[in-house]
>>> print(open('input.cif').read())   # mmCIF, C-alpha atoms and all ligand atoms
data_work
#
loop_
_atom_site.label_atom_id
_atom_site.label_comp_id
_atom_site.auth_asym_id
_atom_site.auth_seq_id
_atom_site.Cartn_x
_atom_site.Cartn_y
_atom_site.Cartn_z
CA MET A 1 -18.27 -30.34 44.48
CA ALA A 2 -18.94 -33.87 45.65
CA ARG A 3 -16.60 -33.31 48.55
CA ASP A 4 -18.64 -30.33 49.82
CA GLU A 5 -21.84 -32.28 49.76
CA ALA A 6 -20.55 -34.71 52.36
CA TYR A 7 -20.27 -31.93 54.92
CA ARG A 8 -22.93 -30.20 56.99
CA ASP A 9 -23.91 -26.64 56.03
CA ARG A 10 -22.57 -25.33 59.33
CA SER A 11 -19.05 -26.49 58.45
CA VAL A 12 -19.17 -25.40 54.81
CA LEU A 13 -20.27 -21.89 55.89
CA ILE A 14 -17.10 -21.63 57.98
CA HIS A 15 -14.67 -23.00 55.42
CA GLY A 16 -16.31 -22.00 52.14
CA LYS A 17 -16.36 -24.34 49.20
CA PHE A 18 -13.67 -26.94 49.53
CA ARG A 19 -11.74 -25.84 46.48
CA SER A 20 -12.44 -22.91 44.19
CA GLU A 21 -11.22 -21.91 40.76
CA LYS A 22 -11.71 -18.30 41.79
CA TRP A 23 -8.32 -17.95 43.37
CA ASP A 24 -5.36 -20.18 43.93
CA PHE A 25 -5.15 -20.04 47.72
CA GLN A 26 -4.46 -23.61 48.76
CA ASP A 27 -2.02 -22.37 51.41
CA HIS A 28 -4.25 -19.74 52.99
CA ILE A 29 -6.69 -20.33 55.81
CA LEU A 30 -8.47 -17.07 55.08
CA PRO A 31 -9.20 -15.79 51.58
CA PRO A 32 -6.47 -13.46 50.34
CA ILE A 33 -7.40 -9.95 49.29
CA THR A 34 -5.94 -7.39 46.91
CA THR A 35 -6.65 -3.70 46.63
CA ALA A 36 -5.64 -3.36 42.97
CA VAL A 37 -8.69 -2.51 40.89
CA ALA A 38 -7.20 -3.80 37.62
CA PHE A 39 -5.48 -7.09 36.88
CA ARG A 40 -2.24 -7.62 34.95
CA LEU A 41 -2.96 -9.19 31.60
CA ARG A 42 -0.13 -11.43 30.44
CA SER A 43 -0.93 -10.76 26.78
CA ALA A 44 -3.41 -8.92 24.60
CA THR A 45 -4.82 -12.30 23.67
CA ARG A 46 -5.51 -13.04 27.33
CA GLY A 47 -7.16 -9.62 27.68
CA ALA A 48 -9.40 -10.32 24.70
CA GLU A 49 -10.17 -13.77 26.09
CA GLY A 50 -11.15 -12.18 29.43
CA PHE A 51 -13.65 -9.85 27.78
CA LYS A 52 -15.05 -12.75 25.76
CA GLN A 53 -15.41 -14.83 28.91
CA PHE A 54 -17.10 -12.16 31.05
CA ALA A 55 -20.85 -12.67 31.52
CA ASN A 56 -20.76 -15.30 28.80
CA PRO A 57 -23.61 -17.78 29.23
CA ASP A 58 -21.46 -20.53 27.71
CA VAL A 59 -18.83 -20.18 30.42
CA ASP A 60 -19.50 -21.95 33.73
CA ARG A 61 -18.31 -19.55 36.41
CA ASP A 62 -17.98 -22.37 38.93
CA THR A 63 -15.55 -24.45 36.92
CA ALA A 64 -13.92 -22.10 34.38
CA LYS A 65 -10.54 -20.67 35.32
CA PRO A 66 -11.46 -16.96 35.50
CA ILE A 67 -9.55 -14.21 33.71
CA TYR A 68 -9.99 -11.13 35.85
CA ILE A 69 -9.84 -7.70 34.24
CA TYR A 70 -11.30 -5.00 36.46
CA ASP A 71 -13.00 -5.13 39.89
CA ARG A 72 -16.33 -3.68 38.74
CA LEU A 73 -16.73 -6.65 36.37
CA ASP A 74 -15.63 -9.51 38.58
CA GLU A 75 -13.22 -10.07 41.42
CA PRO A 76 -12.00 -13.18 43.25
CA CYS A 77 -12.99 -12.28 46.84
CA VAL A 78 -16.47 -11.31 45.70
CA GLY A 79 -16.56 -14.50 43.61
CA LEU A 80 -15.75 -16.64 46.64
CA LEU A 81 -18.54 -14.94 48.58
CA GLU A 82 -20.91 -15.58 45.68
CA GLU A 83 -20.09 -19.30 45.70
CA THR A 84 -20.72 -19.46 49.43
CA LEU A 85 -24.01 -17.52 49.24
CA ALA A 86 -25.29 -19.72 46.41
CA PHE A 87 -24.50 -22.69 48.65
CA ALA A 88 -26.17 -21.09 51.69
CA GLU A 89 -29.39 -20.29 49.78
CA LYS A 90 -29.33 -23.56 47.77
CA GLY A 91 -29.33 -21.61 44.52
CA GLU A 92 -27.55 -22.13 41.23
CA CYS A 93 -25.64 -18.85 41.30
CA ALA A 94 -25.22 -15.66 43.30
CA VAL A 95 -24.21 -12.16 42.24
CA CYS A 96 -23.12 -9.64 44.88
CA PHE A 97 -23.65 -5.88 45.00
CA GLY A 98 -22.30 -3.00 47.05
CA THR A 99 -25.54 -2.73 49.05
CA GLY A 100 -28.85 -4.50 49.48
CA MET A 101 -30.57 -1.77 47.45
CA GLY A 102 -28.10 -2.39 44.61
CA ALA A 103 -29.13 -6.04 44.59
CA ILE A 104 -32.85 -5.24 44.82
CA ALA A 105 -32.64 -2.75 41.92
CA ALA A 106 -30.91 -5.39 39.79
CA ALA A 107 -33.26 -8.22 40.76
CA ILE A 108 -36.20 -6.16 39.48
CA GLY A 109 -34.24 -4.28 36.81
CA ILE A 110 -33.23 -7.31 34.73
CA HIS A 111 -36.87 -8.29 34.26
CA VAL A 112 -38.67 -5.04 33.48
CA ARG A 113 -38.71 -2.50 30.68
CA SER A 114 -40.88 0.51 29.95
CA GLY A 115 -44.55 -0.52 29.73
CA ASP A 116 -44.13 -3.45 32.12
CA HIS A 117 -45.81 -3.85 35.47
CA MET A 118 -44.96 -5.38 38.83
CA VAL A 119 -46.90 -6.36 41.93
CA TYR A 120 -45.44 -5.80 45.39
CA HIS A 121 -46.42 -6.51 48.96
CA PRO A 122 -47.10 -3.18 50.74
CA ALA A 123 -45.09 -4.01 53.89
CA ILE A 124 -41.57 -3.84 52.50
CA TYR A 125 -38.35 -2.03 53.24
CA GLY A 126 -38.89 1.73 52.86
CA CYS A 127 -36.21 2.28 50.20
CA THR A 128 -37.48 -0.67 48.18
CA TYR A 129 -40.90 0.96 48.23
CA SER A 130 -39.33 4.26 47.16
CA HIS A 131 -37.33 2.54 44.40
CA ILE A 132 -40.49 1.00 42.97
CA VAL A 133 -42.84 3.94 43.43
CA ASN A 134 -40.54 6.94 42.87
CA TRP A 135 -37.98 5.65 40.38
CA LEU A 136 -39.25 2.66 38.41
CA SER A 137 -42.40 4.67 37.66
CA ARG A 138 -40.18 7.28 35.93
CA PHE A 139 -38.91 4.56 33.61
CA GLY A 140 -42.48 3.57 32.71
CA VAL A 141 -42.70 0.56 35.01
CA ALA A 142 -46.09 0.55 36.74
CA SER A 143 -46.74 -1.21 40.03
CA THR A 144 -49.60 -2.34 42.25
CA PRO A 145 -49.38 -2.96 46.00
CA VAL A 146 -51.19 -6.10 47.11
CA ARG A 147 -51.06 -8.15 50.28
CA PHE A 148 -49.71 -11.52 49.22
CA ASN A 149 -51.70 -13.35 51.86
CA CYS A 150 -54.79 -13.15 49.71
CA LEU A 151 -53.79 -14.88 46.47
CA ASP A 152 -57.07 -13.89 44.81
CA ASP A 153 -56.02 -10.25 45.17
CA VAL A 154 -52.65 -11.08 43.61
CA VAL A 155 -54.38 -12.78 40.66
CA GLU A 156 -56.61 -9.74 40.25
CA ALA A 157 -53.62 -7.37 40.22
CA VAL A 158 -51.66 -9.36 37.64
CA ARG A 159 -51.83 -8.01 34.08
CA PRO A 160 -50.48 -9.36 30.81
CA GLU A 161 -47.51 -6.99 31.23
CA THR A 162 -46.73 -8.06 34.82
CA ARG A 163 -43.19 -9.38 35.08
CA VAL A 164 -42.30 -9.41 38.77
CA LEU A 165 -44.01 -10.33 42.05
CA TYR A 166 -41.94 -8.79 44.84
CA PHE A 167 -42.28 -9.38 48.57
CA GLU A 168 -40.57 -10.01 51.89
CA SER A 169 -41.25 -12.80 54.39
CA PRO A 170 -41.12 -12.05 57.23
CA SER A 171 -41.86 -8.57 56.01
CA ASN A 172 -40.20 -5.47 57.36
CA PRO A 173 -41.31 -4.43 59.93
CA THR A 174 -44.66 -6.18 60.46
CA MET A 175 -43.29 -9.77 60.51
CA GLU A 176 -46.18 -10.83 58.30
CA LEU A 177 -45.34 -14.04 56.44
CA VAL A 178 -46.08 -14.95 52.85
CA ASP A 179 -46.79 -18.58 51.99
CA LEU A 180 -43.83 -19.26 49.70
CA GLU A 181 -45.13 -22.48 48.20
CA ALA A 182 -48.58 -21.01 47.57
CA VAL A 183 -47.08 -18.02 45.71
CA ALA A 184 -44.70 -20.25 43.73
CA GLY A 185 -47.63 -22.53 42.79
CA LEU A 186 -49.76 -19.59 41.70
CA VAL A 187 -47.00 -18.22 39.49
CA ARG A 188 -46.45 -21.64 37.90
CA GLN A 189 -50.13 -21.61 36.97
CA LEU A 190 -50.05 -18.03 35.68
CA ASN A 191 -46.94 -18.79 33.61
CA ALA A 192 -48.42 -21.93 32.08
CA ASP A 193 -49.86 -20.03 29.14
CA ARG A 194 -47.37 -17.20 28.93
CA PRO A 195 -44.57 -17.19 26.36
CA GLU A 196 -41.03 -17.40 27.75
CA ASP A 197 -40.40 -13.64 27.37
CA ARG A 198 -43.64 -12.69 29.20
CA ARG A 199 -43.06 -14.90 32.22
CA ILE A 200 -43.64 -13.63 35.74
CA TYR A 201 -40.79 -14.04 38.23
CA THR A 202 -41.00 -14.13 41.99
CA VAL A 203 -38.44 -12.15 44.00
CA ILE A 204 -38.22 -12.37 47.79
CA ASP A 205 -36.13 -10.24 50.10
CA ASN A 206 -34.88 -12.82 52.62
CA THR A 207 -32.94 -10.33 54.74
CA PHE A 208 -35.10 -10.69 57.86
CA ALA A 209 -34.84 -14.46 58.07
CA SER A 210 -31.28 -14.87 56.67
CA PRO A 211 -30.30 -18.03 54.81
CA TYR A 212 -29.81 -19.66 58.21
CA ALA A 213 -33.51 -19.48 59.03
CA GLN A 214 -35.16 -19.83 55.60
CA ARG A 215 -34.18 -20.84 52.06
CA PRO A 216 -37.01 -19.66 49.78
CA LEU A 217 -35.56 -21.16 46.57
CA THR A 218 -36.21 -24.61 48.03
CA HIS A 219 -39.91 -23.60 48.24
CA GLY A 220 -40.07 -22.68 44.56
CA ILE A 221 -39.36 -18.92 44.65
CA ASP A 222 -37.26 -17.78 41.65
CA PHE A 223 -34.93 -15.17 43.19
CA VAL A 224 -33.71 -14.33 46.67
CA VAL A 225 -32.25 -10.92 47.43
CA HIS A 226 -30.35 -9.96 50.55
CA SER A 227 -29.09 -6.94 52.32
CA LEU A 228 -25.88 -8.61 53.46
CA THR A 229 -25.42 -5.49 55.59
CA LYS A 230 -27.69 -7.13 58.16
CA HIS A 231 -27.61 -10.70 59.54
CA VAL A 232 -25.10 -12.06 57.04
CA SER A 233 -22.47 -9.42 57.70
CA GLY A 234 -23.60 -9.56 61.32
CA PHE A 235 -21.35 -7.03 63.01
CA GLY A 236 -22.72 -3.84 61.51
CA ALA A 237 -19.37 -2.98 59.96
CA THR A 238 -19.88 -3.85 56.28
CA MET A 239 -22.47 -3.14 53.59
CA GLY A 240 -23.38 -5.56 50.86
CA GLY A 241 -26.17 -7.09 48.82
CA ALA A 242 -26.72 -10.29 46.87
CA ILE A 243 -29.09 -11.99 44.48
CA VAL A 244 -29.31 -15.78 44.38
CA GLY A 245 -31.22 -17.46 41.58
CA PRO A 246 -31.20 -19.52 38.40
CA ARG A 247 -27.95 -19.79 36.46
CA ARG A 248 -29.62 -18.62 33.24
CA PHE A 249 -29.94 -15.09 34.68
CA GLU A 250 -26.33 -14.82 35.79
CA THR A 251 -25.28 -13.12 32.55
CA ASP A 252 -27.95 -10.42 32.84
CA LEU A 253 -27.12 -9.82 36.47
CA LEU A 254 -23.39 -9.47 35.77
CA LEU A 255 -24.04 -7.12 32.85
CA TYR A 256 -26.48 -5.05 34.91
CA ARG A 257 -23.90 -4.76 37.68
CA LYS A 258 -21.18 -3.83 35.20
CA ASP A 259 -23.24 -1.06 33.58
CA PHE A 260 -25.10 0.36 36.60
CA GLY A 261 -21.99 0.05 38.74
CA GLY A 262 -23.31 -1.33 42.01
CA SER A 263 -20.32 -3.63 42.49
CA MET A 264 -19.17 -4.86 45.88
CA THR A 265 -15.63 -4.05 46.98
CA PRO A 266 -13.19 -6.92 47.69
CA ASP A 267 -12.79 -5.52 51.19
CA ALA A 268 -16.51 -5.88 51.94
CA ALA A 269 -16.53 -9.42 50.52
CA TRP A 270 -13.47 -10.33 52.59
CA HIS A 271 -15.07 -9.13 55.83
CA ILE A 272 -18.30 -10.97 55.16
CA LEU A 273 -16.40 -14.16 54.21
CA THR A 274 -14.08 -13.93 57.18
CA TYR A 275 -16.39 -12.77 59.98
CA GLY A 276 -20.03 -12.73 58.89
CA ILE A 277 -20.78 -16.04 57.23
CA PRO A 278 -18.69 -18.30 59.50
CA THR A 279 -20.53 -16.96 62.58
CA LEU A 280 -24.02 -16.71 61.04
CA ALA A 281 -25.41 -19.97 62.46
CA MET A 282 -23.99 -19.38 65.93
CA ARG A 283 -25.22 -15.78 66.10
CA ILE A 284 -28.77 -16.39 64.92
CA GLU A 285 -29.16 -19.46 67.09
CA HIS A 286 -28.29 -17.47 70.18
CA GLN A 287 -30.20 -14.34 69.13
CA GLN A 288 -33.42 -16.17 68.40
CA LYS A 289 -33.36 -17.89 71.79
CA THR A 290 -33.22 -14.44 73.38
CA ALA A 291 -35.82 -13.12 70.90
CA LEU A 292 -38.34 -15.71 72.06
CA ARG A 293 -37.82 -14.71 75.71
CA VAL A 294 -38.18 -11.02 74.84
CA ALA A 295 -41.31 -11.68 72.74
CA GLU A 296 -42.87 -13.65 75.61
CA PHE A 297 -42.06 -10.84 78.02
CA LEU A 298 -43.59 -8.20 75.74
CA ASP A 299 -46.64 -10.37 75.08
CA LEU A 300 -47.52 -10.27 78.79
CA HIS A 301 -46.71 -6.60 79.29
CA PRO A 302 -49.73 -4.33 80.03
CA LYS A 303 -48.27 -1.44 77.97
CA VAL A 304 -47.97 -3.65 74.89
CA SER A 305 -51.04 -4.35 72.80
CA ARG A 306 -49.58 -6.78 70.25
CA VAL A 307 -46.38 -8.68 69.62
CA HIS A 308 -45.54 -9.98 66.17
CA TYR A 309 -42.95 -12.76 66.44
CA PRO A 310 -43.22 -16.04 64.51
CA GLY A 311 -41.97 -18.02 67.51
CA LEU A 312 -44.96 -17.08 69.71
CA ASP A 313 -47.94 -19.43 69.89
CA SER A 314 -50.17 -16.37 69.51
CA PHE A 315 -48.55 -15.56 66.13
CA PRO A 316 -51.45 -15.76 63.65
CA GLN A 317 -49.36 -17.50 61.00
CA LYS A 318 -47.61 -19.90 63.35
CA ALA A 319 -48.44 -22.98 61.26
CA LEU A 320 -46.95 -21.35 58.16
CA ALA A 321 -43.90 -20.22 60.15
CA LEU A 322 -43.37 -23.80 61.31
CA ARG A 323 -43.53 -24.99 57.69
CA GLN A 324 -41.14 -22.59 56.04
CA MET A 325 -38.88 -21.06 58.67
CA ARG A 326 -36.43 -23.89 59.18
CA ASP A 327 -32.76 -23.63 60.04
CA ILE A 328 -29.95 -25.45 58.26
CA ASP A 329 -30.56 -28.53 60.42
CA GLY A 330 -34.31 -28.50 59.75
CA ASP A 331 -35.33 -27.11 63.14
CA PHE A 332 -37.87 -24.30 63.58
CA SER A 333 -36.13 -20.94 63.28
CA PRO A 334 -38.34 -17.91 63.93
CA GLY A 335 -35.42 -15.48 63.72
CA ALA A 336 -34.22 -12.53 65.77
CA MET A 337 -36.64 -9.78 64.66
CA ILE A 338 -39.64 -8.64 66.72
CA PHE A 339 -42.31 -6.04 65.99
CA PHE A 340 -44.53 -4.92 68.86
CA GLU A 341 -47.18 -2.26 69.36
CA VAL A 342 -47.62 -0.12 72.45
CA VAL A 343 -51.14 0.52 73.73
CA GLY A 344 -53.14 3.63 72.84
CA LYS A 345 -55.08 5.23 70.00
CA ALA A 346 -53.29 6.39 66.83
CA ASP A 347 -51.71 9.67 68.04
CA GLU A 348 -51.20 8.46 71.58
CA CYS A 349 -49.42 5.27 70.64
CA TYR A 350 -47.22 7.12 68.11
CA ARG A 351 -46.07 9.43 70.91
CA ALA A 352 -45.67 6.52 73.33
CA ALA A 353 -43.54 4.57 70.86
CA VAL A 354 -41.31 7.60 70.32
CA GLN A 355 -41.09 7.96 74.10
CA VAL A 356 -40.00 4.31 74.52
CA CYS A 357 -37.29 4.84 71.89
CA ASP A 358 -36.14 8.08 73.53
CA HIS A 359 -36.04 6.46 76.95
CA LEU A 360 -33.93 3.60 75.60
CA ALA A 361 -31.64 6.05 73.78
CA ALA A 362 -31.08 8.02 76.97
CA ASN A 363 -30.78 5.19 79.47
CA ALA A 364 -30.18 1.74 78.00
CA LEU A 365 -26.85 0.00 77.51
CA SER A 366 -28.16 -3.24 76.00
CA VAL A 367 -30.65 -1.73 73.53
CA THR A 368 -29.45 0.89 71.04
CA LEU A 369 -31.71 3.27 69.12
CA ALA A 370 -30.55 2.86 65.52
CA VAL A 371 -31.82 1.71 62.17
CA SER A 372 -30.37 -1.38 60.52
CA LEU A 373 -30.66 -4.84 62.05
CA GLY A 374 -29.03 -8.22 62.35
CA GLN A 375 -26.09 -7.00 64.39
CA ILE A 376 -24.59 -8.47 67.55
CA ARG A 377 -26.02 -5.42 69.36
CA THR A 378 -29.75 -5.20 70.06
CA LEU A 379 -31.22 -2.37 67.98
CA VAL A 380 -34.56 -0.62 68.32
CA GLU A 381 -36.34 1.82 66.03
CA HIS A 382 -39.75 3.33 65.26
CA PRO A 383 -40.64 2.34 61.66
CA ALA A 384 -43.52 4.83 61.26
CA SER A 385 -41.22 7.83 61.73
CA MET A 386 -37.91 6.32 60.61
CA THR A 387 -37.28 3.37 58.25
CA HIS A 388 -40.77 3.43 56.74
CA SER A 389 -41.40 7.17 56.72
CA ALA A 390 -41.11 7.14 52.90
CA ILE A 391 -44.45 5.31 52.91
CA PRO A 392 -47.37 7.77 53.41
CA PRO A 393 -49.23 7.31 56.75
CA ASP A 394 -52.42 5.89 55.21
CA GLU A 395 -50.36 3.40 53.17
CA GLN A 396 -48.48 2.51 56.35
CA LEU A 397 -51.74 1.69 58.11
CA LYS A 398 -52.89 -0.44 55.17
CA ALA A 399 -49.59 -2.30 55.32
CA GLY A 400 -50.04 -2.98 59.04
CA ILE A 401 -47.31 -0.56 60.10
CA SER A 402 -49.00 0.73 63.23
CA PRO A 403 -48.04 4.23 64.44
CA GLY A 404 -47.28 2.66 67.84
CA GLY A 405 -45.14 -0.10 66.35
CA ILE A 406 -41.57 -0.62 67.50
CA ARG A 407 -39.04 -2.86 65.76
CA LEU A 408 -36.44 -4.81 67.69
CA SER A 409 -33.45 -6.65 66.29
CA ILE A 410 -32.14 -8.88 69.05
CA GLY A 411 -28.39 -9.07 69.57
CA LEU A 412 -26.03 -11.10 71.74
CA GLU A 413 -26.29 -9.19 75.03
CA ASP A 414 -27.37 -10.97 78.21
CA GLU A 415 -31.13 -11.42 77.88
CA ARG A 416 -31.70 -10.23 81.47
CA ASP A 417 -30.23 -6.85 80.58
CA ILE A 418 -32.35 -6.53 77.44
CA LEU A 419 -35.49 -7.34 79.45
CA ARG A 420 -34.56 -4.86 82.17
CA ASP A 421 -33.90 -2.06 79.68
CA LEU A 422 -37.19 -2.71 77.90
CA GLU A 423 -39.10 -2.92 81.17
CA SER A 424 -37.84 0.44 82.33
CA ALA A 425 -38.57 2.08 78.95
CA LEU A 426 -42.12 0.69 78.95
CA GLU A 427 -42.65 1.90 82.50
CA SER A 428 -41.88 5.42 81.32
CA ILE A 429 -45.06 5.62 79.18
C1 LIG B 501 -31.56 -2.88 55.04
C2 LIG B 501 -32.52 -3.57 54.16
C3 LIG B 501 -32.46 -3.41 52.78
C4 LIG B 501 -31.47 -2.47 52.11
O1 LIG B 501 -30.17 -2.93 52.28
P1 LIG B 501 -28.89 -1.94 52.23
O2 LIG B 501 -27.75 -2.90 52.40
O3 LIG B 501 -29.04 -0.98 53.35
O4 LIG B 501 -28.91 -1.29 50.90
C5 LIG B 501 -33.36 -4.10 52.01
N1 LIG B 501 -34.28 -4.92 52.56
C6 LIG B 501 -34.36 -5.09 53.89
C7 LIG B 501 -35.40 -6.02 54.44
C8 LIG B 501 -33.49 -4.43 54.74
O5 LIG B 501 -33.60 -4.61 56.05
#
>>> encode(input="input.cif", output="structure tokens", more="lines below")
Ligand SMILES: *Cc1c(COP(=O)(O)O)cnc(C)c1O
Amino acid sequence: MARDEAYRDRSVLIHGKFRSEKWDFQDHILPPITTAVAFRLRSATRGAEGFKQFANPDVDRDTAKPIYIYDRLDEPCVGLLEETLAFAEKGECAVCFGTGMGAIAAAIGIHVRSGDHMVYHPAIYGCTYSHIVNWLSRFGVASTPVRFNCLDDVVEAVRPETRVLYFESPSNPTMELVDLEAVAGLVRQLNADRPEDRRIYTVIDNTFASPYAQRPLTHGIDFVVHSLTKHVSGFGATMGGAIVGPRRFETDLLLYRKDFGGSMTPDAAWHILTYGIPTLAMRIEHQQKTALRVAEFLDLHPKVSRVHYPGLDSFPQKALALRQMRDIDGDFSPGAMIFFEVVGKADECYRAAVQVCDHLAANALSVTLAVSLGQIRTLVEHPASMTHSAIPPDEQLKAGISPGGIRLSIGLEDERDILRDLESALESI
């Protein structure tokens, strides 16, 4: 432990924790991996001990020698990734899932039961919205959408049975930021006269920023969730999700994962540990340099009415971005995601945005029409008709998801090629 703390984050992200109890691999440079789903138990006593140890709040997962039983419960490669993610997000513990949605379902699921209520920011990932509105409602969990930028509205929406405040920052796709410290402060106040079992917890989806560009737990947020599928995995080849938060919830998270079955495979964990995390800092650093150039180009373009990128001086929440979007060295880190709107009235700009996407799909090498984000390839998509189509059009408008909005995830291509491809697509409208 002490040994890790002497090193810079950048180095620890490449090497992992200096020494782990998760697996005896002193002689390996890379983490080893097995494909056996069950582990040999040397004796029935050891088997019984393993079941007693699993998700046991009295057992410290960082220091206890683990007894592995079955991959869905716990697994060394996944465990190593969890140690590294807890380090990256500056949290007490991390629990990984097979996908980001698996992690999001668990991060909400451990806090709510029938009759409870949650508040969510309306500009969120489409499937998260669908999970809350279409599924949690079936289990008797009510929800209210509220923009978190107006804390008075949040206070108004909170009820005695509210258990979770859920949001993204920057949010997908609008790039709207939420003031993390203001929300954390508000919840501290609201919790002051609530009993322990009626507390409200804050959950942020930090996928857009990545732990390189923002560590919300250090601003007082309770839980961070990630789609590791995106920036953390980085190459678009592996799915995964994670929750990072207080140690006292580790047991619930492990039990939830065991019983709902959203476990991550060792193979996914190995890829993320081997390729994704060690290159995270280098990738985002490069991508966000290009993202700033692209945002500046779009900002001046006559066919573009608005550009939402925290690195631009015209970004309405620039001061907040400067406060909370900081990389692992403390420098400003506005990230690699851009949302921009093409000119025109509602129907017109919807058609124009589709046209830009189609033109790119047909002609561009350096910009690929595809959902997902955070890859080494620049990706473009039209949220209104694609990733956010689960949100009804009027709700989309309320959430700031303009029909003419286009989302860009900047990759590692030569910036001149990205600019040229965008220029020619914009010329086509
Ligand atoms: C992709 C994404 C998710 C869902 O993650 P999966 O790994 O696809 O399940 C959740 N939140 C955000 C912000 C995302 O971009």
>>> residues_around(input="input.cif", residues="Ile243 in chain A", least_positions_apart="6", cutoff="10 Å", atoms="only C-alpha atoms", output="ChimeraX atom specification")
/A:82,85-86,89,91,93-97,100,102-104,106-107,203-205,223-227,250,253
>>> closest_atom_pairs(input="input.cif", of="chain A", to="ligand LIG 501 (chain B)", cutoff="8 Å", atoms="only C-alpha atoms and all ligand atoms", output="Markdown table")
| residue | atom | partner | partner_atom | distance |
| --- | --- | --- | --- | --- |
| A:Gly98 | CA | B:LIG501 | O2 | 7.6 |
| A:Thr99 | CA | B:LIG501 | O2 | 4.0 |
| A:Gly100 | CA | B:LIG501 | O1 | 3.5 |
| A:Met101 | CA | B:LIG501 | O4 | 3.9 |
| A:Gly102 | CA | B:LIG501 | O4 | 6.4 |
| A:Ala103 | CA | B:LIG501 | O4 | 7.9 |
| A:Ile104 | CA | B:LIG501 | C5 | 7.3 |
| A:Ile124 | CA | B:LIG501 | C7 | 6.8 |
| A:Tyr125 | CA | B:LIG501 | N1 | 5.0 |
| A:Cys127 | CA | B:LIG501 | C4 | 7.0 |
| A:Thr128 | CA | B:LIG501 | C5 | 6.6 |
| A:Glu168 | CA | B:LIG501 | C7 | 7.0 |
| A:Ser171 | CA | B:LIG501 | C7 | 7.1 |
| A:Asn172 | CA | B:LIG501 | C7 | 5.6 |
| A:Asp205 | CA | B:LIG501 | C7 | 6.1 |
| A:Asn206 | CA | B:LIG501 | C7 | 7.1 |
| A:Thr207 | CA | B:LIG501 | C7 | 5.0 |
| A:Phe208 | CA | B:LIG501 | C7 | 5.8 |
| A:His226 | CA | B:LIG501 | N1 | 6.7 |
| A:Ser227 | CA | B:LIG501 | O1 | 4.2 |
| A:Leu228 | CA | B:LIG501 | O2 | 6.1 |
| A:Thr229 | CA | B:LIG501 | O2 | 4.7 |
| A:Lys230 | CA | B:LIG501 | C1 | 6.5 |
| A:Met239 | CA | B:LIG501 | O2 | 5.4 |
| A:Gly240 | CA | B:LIG501 | O2 | 5.3 |
| A:Gly241 | CA | B:LIG501 | O2 | 5.7 |
| A:Ser372 | CA | B:LIG501 | C1 | 5.8 |
| A:Leu373 | CA | B:LIG501 | O5 | 6.7 |
>>> atom_distance(input="input.cif", atom1="CA of Leu369 in chain A", atom2="CA of Asp267 in chain A")
27.5 Å
>>> closest_residue(input="input.cif", among="A:Met118, A:Ala182, A:Ile284, A:Ile338", to="Gln214 in chain A", atoms="all atoms listed in the file")
A:Ile284
>>> atom_distance(input="input.cif", atom1="CA of Glu176 in chain A", atom2="CA of Ile401 in chain A")
10.5 Å
>>> atom_distance(input="input.cif", atom1="CA of Asp27 in chain A", atom2="CA of Ala269 in chain A")
19.5 Å
>>> closest_residue(input="input.cif", among="A:Gly234, A:Gly276, A:Gly344, A:Gly245", to="Pro216 in chain A", atoms="only C-alpha atoms")
A:Gly245
>>> closest_residue(input="input.cif", among="A:Val141, A:Val367, A:Ile69, A:Val232", to="Leu280 in chain A", atoms="all atoms listed in the file")
A:Val232
>>> closest_residue(input="input.cif", among="A:Arg248, A:His28, A:His111, A:Arg147", to="Ala399 in chain A", atoms="all atoms listed in the file")
A:Arg147
>>> residues_around(input="input.cif", residues="Phe340 in chain A", least_positions_apart="6", cutoff="8 Å", atoms="only C-alpha atoms", output="PyMOL selection string")
chain A and resi 298+304-308+405-407
>>> residues_around(input="input.cif", residues="range 187-189 of chain A", least_positions_apart="3", cutoff="9 Å", atoms="only C-alpha atoms", output="list in words")
Leu165, Ala182, Val183, Ala184, Ala192, Asp193, Arg199, Ile200, Tyr201 and Thr202 of chain A
>>> residues_around(input="input.cif", residues="Ala213 in chain A", least_positions_apart="3", cutoff="8 Å", atoms="only C-alpha atoms", output="PyMOL selection string")
chain A and resi 209-210+325-328+332-335
>>> residues_around(input="input.cif", residues="Thr265 in chain A", least_positions_apart="6", cutoff="12 Å", atoms="only C-alpha atoms", output="MDAnalysis selection string")
chainID A and resid 33:37 70:79 81 96:99 238:241 271:272
>>> closest_residue(input="input.cif", among="A:Glu83, A:Ser20, A:Tyr256, A:Ala44", to="Leu273 in chain A", atoms="only C-alpha atoms")
A:Glu83
>>> residues_near_point(input="input.cif", point="(-14.5, -26.4, 39.5)", cutoff="6 Å", atoms="only C-alpha atoms", output="number ranges by chain")
A: 21, 62-63
>>> closest_residue(input="input.cif", among="A:Ala352, A:Met386, A:Ala281, A:Ile14", to="Leu30 in chain A", atoms="all atoms listed in the file")
A:Ile14
>>> axis_aligned_box(input="input.cif", around="range 187-201 of chain A", padding_each_side="4 Å", output="lines of an AutoDock Vina configuration file")
center_x = -45.3
center_y = -17.3
center_z = 32.9
size_x = 17.7
size_y = 17.2
size_z = 21.1
